[in-house]
file input.cif (mmCIF, C-alpha atoms and all ligand atoms)
data_coords
loop_
_atom_site.label_atom_id
_atom_site.label_comp_id
_atom_site.auth_asym_id
_atom_site.auth_seq_id
_atom_site.Cartn_x
_atom_site.Cartn_y
_atom_site.Cartn_z
CA MET A 20 127.79 28.28 272.04
CA GLU A 21 128.71 29.69 275.45
CA CYS A 22 132.41 30.37 275.01
CA ILE A 23 133.12 34.13 274.92
CA PHE A 24 136.31 33.73 272.92
CA CYS A 25 134.52 31.59 270.29
CA LYS A 26 132.01 34.43 270.05
CA ILE A 27 134.83 36.93 269.61
CA VAL A 28 136.39 34.72 266.93
CA ASP A 29 133.13 34.59 264.94
CA ASN A 30 132.34 38.26 265.62
CA THR A 31 129.10 37.64 267.49
CA LEU A 32 130.72 39.43 270.43
CA PRO A 33 132.56 42.70 269.79
CA SER A 34 136.25 42.93 270.58
CA ARG A 35 139.25 45.10 269.80
CA LYS A 36 141.05 42.96 267.24
CA ILE A 37 144.52 43.93 266.16
CA TYR A 38 145.40 40.83 264.14
CA GLU A 39 143.67 37.96 262.38
CA ASP A 40 144.73 35.08 260.15
CA ASP A 41 143.19 31.71 259.25
CA ASP A 42 144.06 30.16 262.61
CA ASN A 43 144.41 32.89 265.23
CA VAL A 44 143.19 36.27 266.37
CA ALA A 45 144.83 38.80 268.68
CA ILE A 46 142.68 41.19 270.70
CA LEU A 47 143.19 43.85 273.34
CA ASP A 48 142.37 42.46 276.80
CA ILE A 49 139.18 44.08 278.10
CA ASN A 50 140.78 44.65 281.54
CA PRO A 51 144.42 45.16 280.68
CA ALA A 52 147.29 44.77 283.13
CA SER A 53 149.01 47.50 281.12
CA PRO A 54 148.16 49.52 278.00
CA GLY A 55 148.85 47.15 275.11
CA HIS A 56 147.96 43.91 276.95
CA VAL A 57 147.07 41.55 274.11
CA LEU A 58 145.49 38.09 274.07
CA VAL A 59 146.47 35.73 271.27
CA ILE A 60 143.67 33.23 270.71
CA PRO A 61 143.53 30.19 268.40
CA LYS A 62 140.29 30.19 266.42
CA LYS A 63 139.54 26.51 267.16
CA HIS A 64 138.01 26.02 270.59
CA LYS A 65 140.84 24.38 272.52
CA MET A 66 140.54 24.50 276.27
CA ASP A 67 144.17 24.57 277.31
CA ILE A 68 147.71 23.39 276.61
CA PHE A 69 146.62 19.74 276.96
CA ASP A 70 143.84 20.12 274.43
CA ILE A 71 145.72 21.80 271.57
CA GLU A 72 147.76 19.98 268.92
CA GLY A 73 151.48 20.80 268.67
CA LEU A 74 151.24 22.22 265.14
CA ASP A 75 148.33 24.51 266.05
CA LEU A 76 150.21 25.69 269.12
CA ARG A 77 153.25 26.46 267.00
CA ARG A 78 151.12 28.67 264.76
CA THR A 79 149.76 30.46 267.83
CA ILE A 80 153.27 31.00 269.20
CA GLU A 81 154.33 32.49 265.85
CA VAL A 82 151.57 35.08 266.32
CA VAL A 83 152.72 35.74 269.90
CA LYS A 84 156.17 36.56 268.49
CA LEU A 85 154.65 38.86 265.87
CA ILE A 86 152.60 40.69 268.51
CA ALA A 87 155.58 40.96 270.89
CA GLU A 88 157.64 42.56 268.11
CA LYS A 89 154.82 44.97 267.32
CA LEU A 90 154.41 45.99 270.97
CA LYS A 91 158.16 46.41 271.34
CA LYS A 92 158.30 48.70 268.32
CA GLU A 93 155.15 50.75 268.79
CA LEU A 94 155.17 51.04 272.58
CA ASN A 95 158.91 51.39 272.84
CA THR A 96 159.57 48.64 275.32
CA PRO A 97 161.50 45.37 275.15
CA ASN A 98 160.06 44.41 278.59
CA MET A 99 157.24 41.92 278.31
CA ASN A 100 155.56 39.06 280.18
CA ILE A 101 154.11 36.22 278.14
CA ILE A 102 151.75 34.12 280.21
CA GLN A 103 149.33 31.27 279.60
CA ASN A 104 147.18 29.92 282.45
CA ASN A 105 145.88 26.33 282.62
CA GLY A 106 143.21 25.39 285.16
CA ARG A 107 141.52 27.33 287.94
CA ILE A 108 144.35 26.91 290.45
CA ALA A 109 146.71 28.44 287.88
CA GLY A 110 144.34 31.37 287.37
CA GLN A 111 142.58 30.39 284.14
CA ILE A 112 139.20 32.12 283.94
CA VAL A 113 138.28 31.71 280.27
CA ASP A 114 138.32 28.07 279.17
CA HIS A 115 139.47 28.76 275.63
CA LEU A 116 143.25 28.75 275.34
CA HIS A 117 144.82 32.19 275.09
CA ILE A 118 148.27 33.64 275.55
CA HIS A 119 148.70 36.94 277.35
CA VAL A 120 151.32 39.33 275.99
CA VAL A 121 151.81 42.08 278.55
CA PRO A 122 154.16 44.95 277.76
CA ARG A 123 155.96 46.32 280.82
CA PHE A 124 156.90 49.86 281.65
CA PRO A 125 158.99 51.44 284.41
CA ASN A 126 157.11 51.68 287.73
CA ASP A 127 154.00 49.97 286.33
CA ASN A 128 153.41 48.25 289.69
CA ILE A 129 152.69 44.86 288.15
CA ASP A 130 154.22 41.89 289.96
CA PHE A 131 154.24 38.65 287.98
CA ARG A 132 157.30 37.33 289.79
CA ILE A 133 156.96 33.72 290.86
CA PRO A 134 157.35 33.11 294.61
CA ARG A 135 160.25 30.71 295.28
CA TYR A 136 161.52 28.57 298.11
CA GLU A 137 164.63 26.50 298.76
CA MET A 138 164.29 22.78 298.10
CA GLY A 139 166.41 20.02 299.65
CA GLN A 140 168.68 17.65 297.66
CA ASP A 141 166.46 14.58 298.30
CA GLN A 142 163.36 16.29 297.02
CA PHE A 143 165.22 17.61 293.96
CA TYR A 144 166.44 14.08 293.23
CA GLU A 145 162.96 12.53 293.58
CA ILE A 146 161.28 15.10 291.38
CA GLN A 147 164.01 14.92 288.75
CA LYS A 148 163.66 11.10 288.70
CA LYS A 149 159.89 11.35 288.33
CA LEU A 150 160.00 13.97 285.59
CA ASN A 151 162.99 12.66 283.70
CA ILE A 152 162.24 12.11 280.03
CA ASN A 153 165.61 11.35 278.53
CA SER A 154 168.45 12.86 280.49
CA LYS A 155 171.11 11.05 282.50
CA LEU A 156 170.23 11.05 286.18
CA PRO A 157 172.77 12.23 288.72
CA ASP A 158 173.83 9.96 291.58
CA PRO A 159 171.36 10.01 294.46
CA PRO A 160 172.28 12.46 297.19
CA THR A 161 174.52 11.06 299.93
CA PRO A 162 172.57 10.74 303.19
CA SER A 163 173.51 13.43 305.66
CA PRO A 164 175.47 12.09 308.68
CA LYS A 165 173.20 11.07 311.56
CA THR A 166 173.31 13.09 314.74
CA GLU A 167 174.09 11.24 318.01
CA THR A 168 170.48 11.33 319.20
CA GLU A 169 169.20 9.89 315.90
CA GLU A 170 171.71 7.00 316.13
CA LYS A 171 170.54 6.04 319.63
CA LYS A 172 166.88 5.68 318.50
P1 LIG A 201 142.79 34.04 282.14
O1 LIG A 201 142.78 34.35 283.61
O2 LIG A 201 144.16 33.64 281.65
O3 LIG A 201 141.71 33.05 281.74
O4 LIG A 201 142.50 35.42 281.43
C1 LIG A 201 141.31 35.75 280.81
C2 LIG A 201 141.47 37.15 280.29
O5 LIG A 201 140.43 37.42 279.37
C3 LIG A 201 141.42 38.24 281.36
O6 LIG A 201 142.63 39.00 281.33
C4 LIG A 201 140.20 39.08 280.96
O7 LIG A 201 140.37 40.45 281.21
C5 LIG A 201 140.08 38.78 279.47
N1 LIG A 201 138.74 38.90 278.92
C6 LIG A 201 137.61 38.36 279.39
N2 LIG A 201 136.56 38.68 278.59
C7 LIG A 201 137.07 39.43 277.58
C8 LIG A 201 136.50 40.07 276.44
N3 LIG A 201 135.18 40.00 276.17
N4 LIG A 201 137.32 40.76 275.61
C9 LIG A 201 138.65 40.85 275.88
N5 LIG A 201 139.24 40.26 276.94
C10 LIG A 201 138.47 39.57 277.78
ZN ZN A 202 135.88 28.79 272.65
#
call {"tool": "encode", "arguments": {"input": "input.cif", "output": "structure tokens"}}
result
Amino acid sequence: MECIFCKIVDNTLPSRKIYEDDDNVAILDINPASPGHVLVIPKKHKMDIFDIEGLDLRRTIEVVKLIAEKLKKELNTPNMNIIQNNGRIAGQIVDHLHIHVVPRFPNDNIDFRIPRYEMGQDQFYEIQKKLNINSKLPDPPTPSPKTETEEKK
């Protein structure tokens, strides 16, 4: 078995565990973003969000909540980032699902903010149509009035 988190789960690789139940463990990240950076890991080898069953994920999220409450209390901070990476492009390094719980402190110089850009009405409409599961779609955007040069073409 090559997976480092499976080895941590079965104790063939040492780790700094702070919590364990039948389904999940929580360990201190070996290279923390901040003191108290915890990884919550389901014991079953599940690669990512697409691989794990809903019920198992719910149990893992319950542990995330427990850990977040513990960090809040013991480290005196309600500021926290909870992050889970899927795939290389998204920054996943270890291919065994895990959820990062990162407590935040004033001036900790961590920047997890997501870069953002402005998107046009047409593109919003197309993406909403494509992703729509069960909500009522808005009317398509009205085309913007053509400029004189465009009309002559
Ligand atoms: P990700 O980029 O979401 O796959 O994050 C993987 C995380 O696992 C990183 O934050 C690593 O520091 C952490 N990590 C890797 N190996 C170990 C280990 N043996 N014990 C604890 N944390 C680890
Ligand atoms: Zn594994």
call {"tool": "residues_near_ligand", "arguments": {"input": "input.cif", "ligand": "ligand LIG 201 (chain A)", "cutoff": "12 Å", "atoms": "all atoms listed in the file", "output": "JSON, numbers by chain"}}
result
{"A": [22, 23, 24, 25, 26, 27, 28, 30, 31, 32, 33, 34, 35, 36, 37, 44, 45, 46, 47, 48, 49, 50, 51, 52, 53, 55, 56, 57, 58, 59, 60, 66, 67, 68, 101, 102, 103, 104, 105, 106, 107, 108, 109, 110, 111, 112, 113, 114, 115, 116, 117, 118, 119, 120, 121]}
call {"tool": "residues_near_point", "arguments": {"input": "input.cif", "point": "(172.7, 7.3, 291.8)", "cutoff": "12 Å", "atoms": "only C-alpha atoms", "output": "mmCIF file with C-alpha atoms, in the frame of the given file"}}
result
data_model
loop_
_atom_site.group_PDB
_atom_site.id
_atom_site.type_symbol
_atom_site.label_atom_id
_atom_site.label_comp_id
_atom_site.auth_asym_id
_atom_site.auth_seq_id
_atom_site.Cartn_x
_atom_site.Cartn_y
_atom_site.Cartn_z
ATOM 1 C CA ASP A 141 166.460 14.580 298.300
ATOM 2 C CA TYR A 144 166.440 14.080 293.230
ATOM 3 C CA GLU A 145 162.960 12.530 293.580
ATOM 4 C CA GLN A 147 164.010 14.920 288.750
ATOM 5 C CA LYS A 148 163.660 11.100 288.700
ATOM 6 C CA LYS A 155 171.110 11.050 282.500
ATOM 7 C CA LEU A 156 170.230 11.050 286.180
ATOM 8 C CA PRO A 157 172.770 12.230 288.720
ATOM 9 C CA ASP A 158 173.830 9.960 291.580
ATOM 10 C CA PRO A 159 171.360 10.010 294.460
ATOM 11 C CA PRO A 160 172.280 12.460 297.190
ATOM 12 C CA THR A 161 174.520 11.060 299.930
ATOM 13 C CA PRO A 162 172.570 10.740 303.190
#
call {"tool": "closest_residue", "arguments": {"input": "input.cif", "among": "A:Ile133, A:Glu39, A:Pro54, A:Ile71", "to": "Leu94 in chain A", "atoms": "only C-alpha atoms"}}
result
A:Pro54
call {"tool": "closest_residue", "arguments": {"input": "input.cif", "among": "A:Glu137, A:Tyr38, A:Asp127, A:Ser154", "to": "Leu85 in chain A", "atoms": "all atoms listed in the file"}}
result
A:Tyr38
call {"tool": "atom_distance", "arguments": {"input": "input.cif", "atom1": "CA of Asn95 in chain A", "atom2": "CA of Leu76 in chain A"}}
result
27.4 Å
call {"tool": "atom_distance", "arguments": {"input": "input.cif", "atom1": "CA of Asn153 in chain A", "atom2": "CA of Glu81 in chain A"}}
result
27.1 Å
call {"tool": "closest_residue", "arguments": {"input": "input.cif", "among": "A:Ile129, A:Arg135, A:Arg123, A:Met99", "to": "Ala87 in chain A", "atoms": "only C-alpha atoms"}}
result
A:Met99
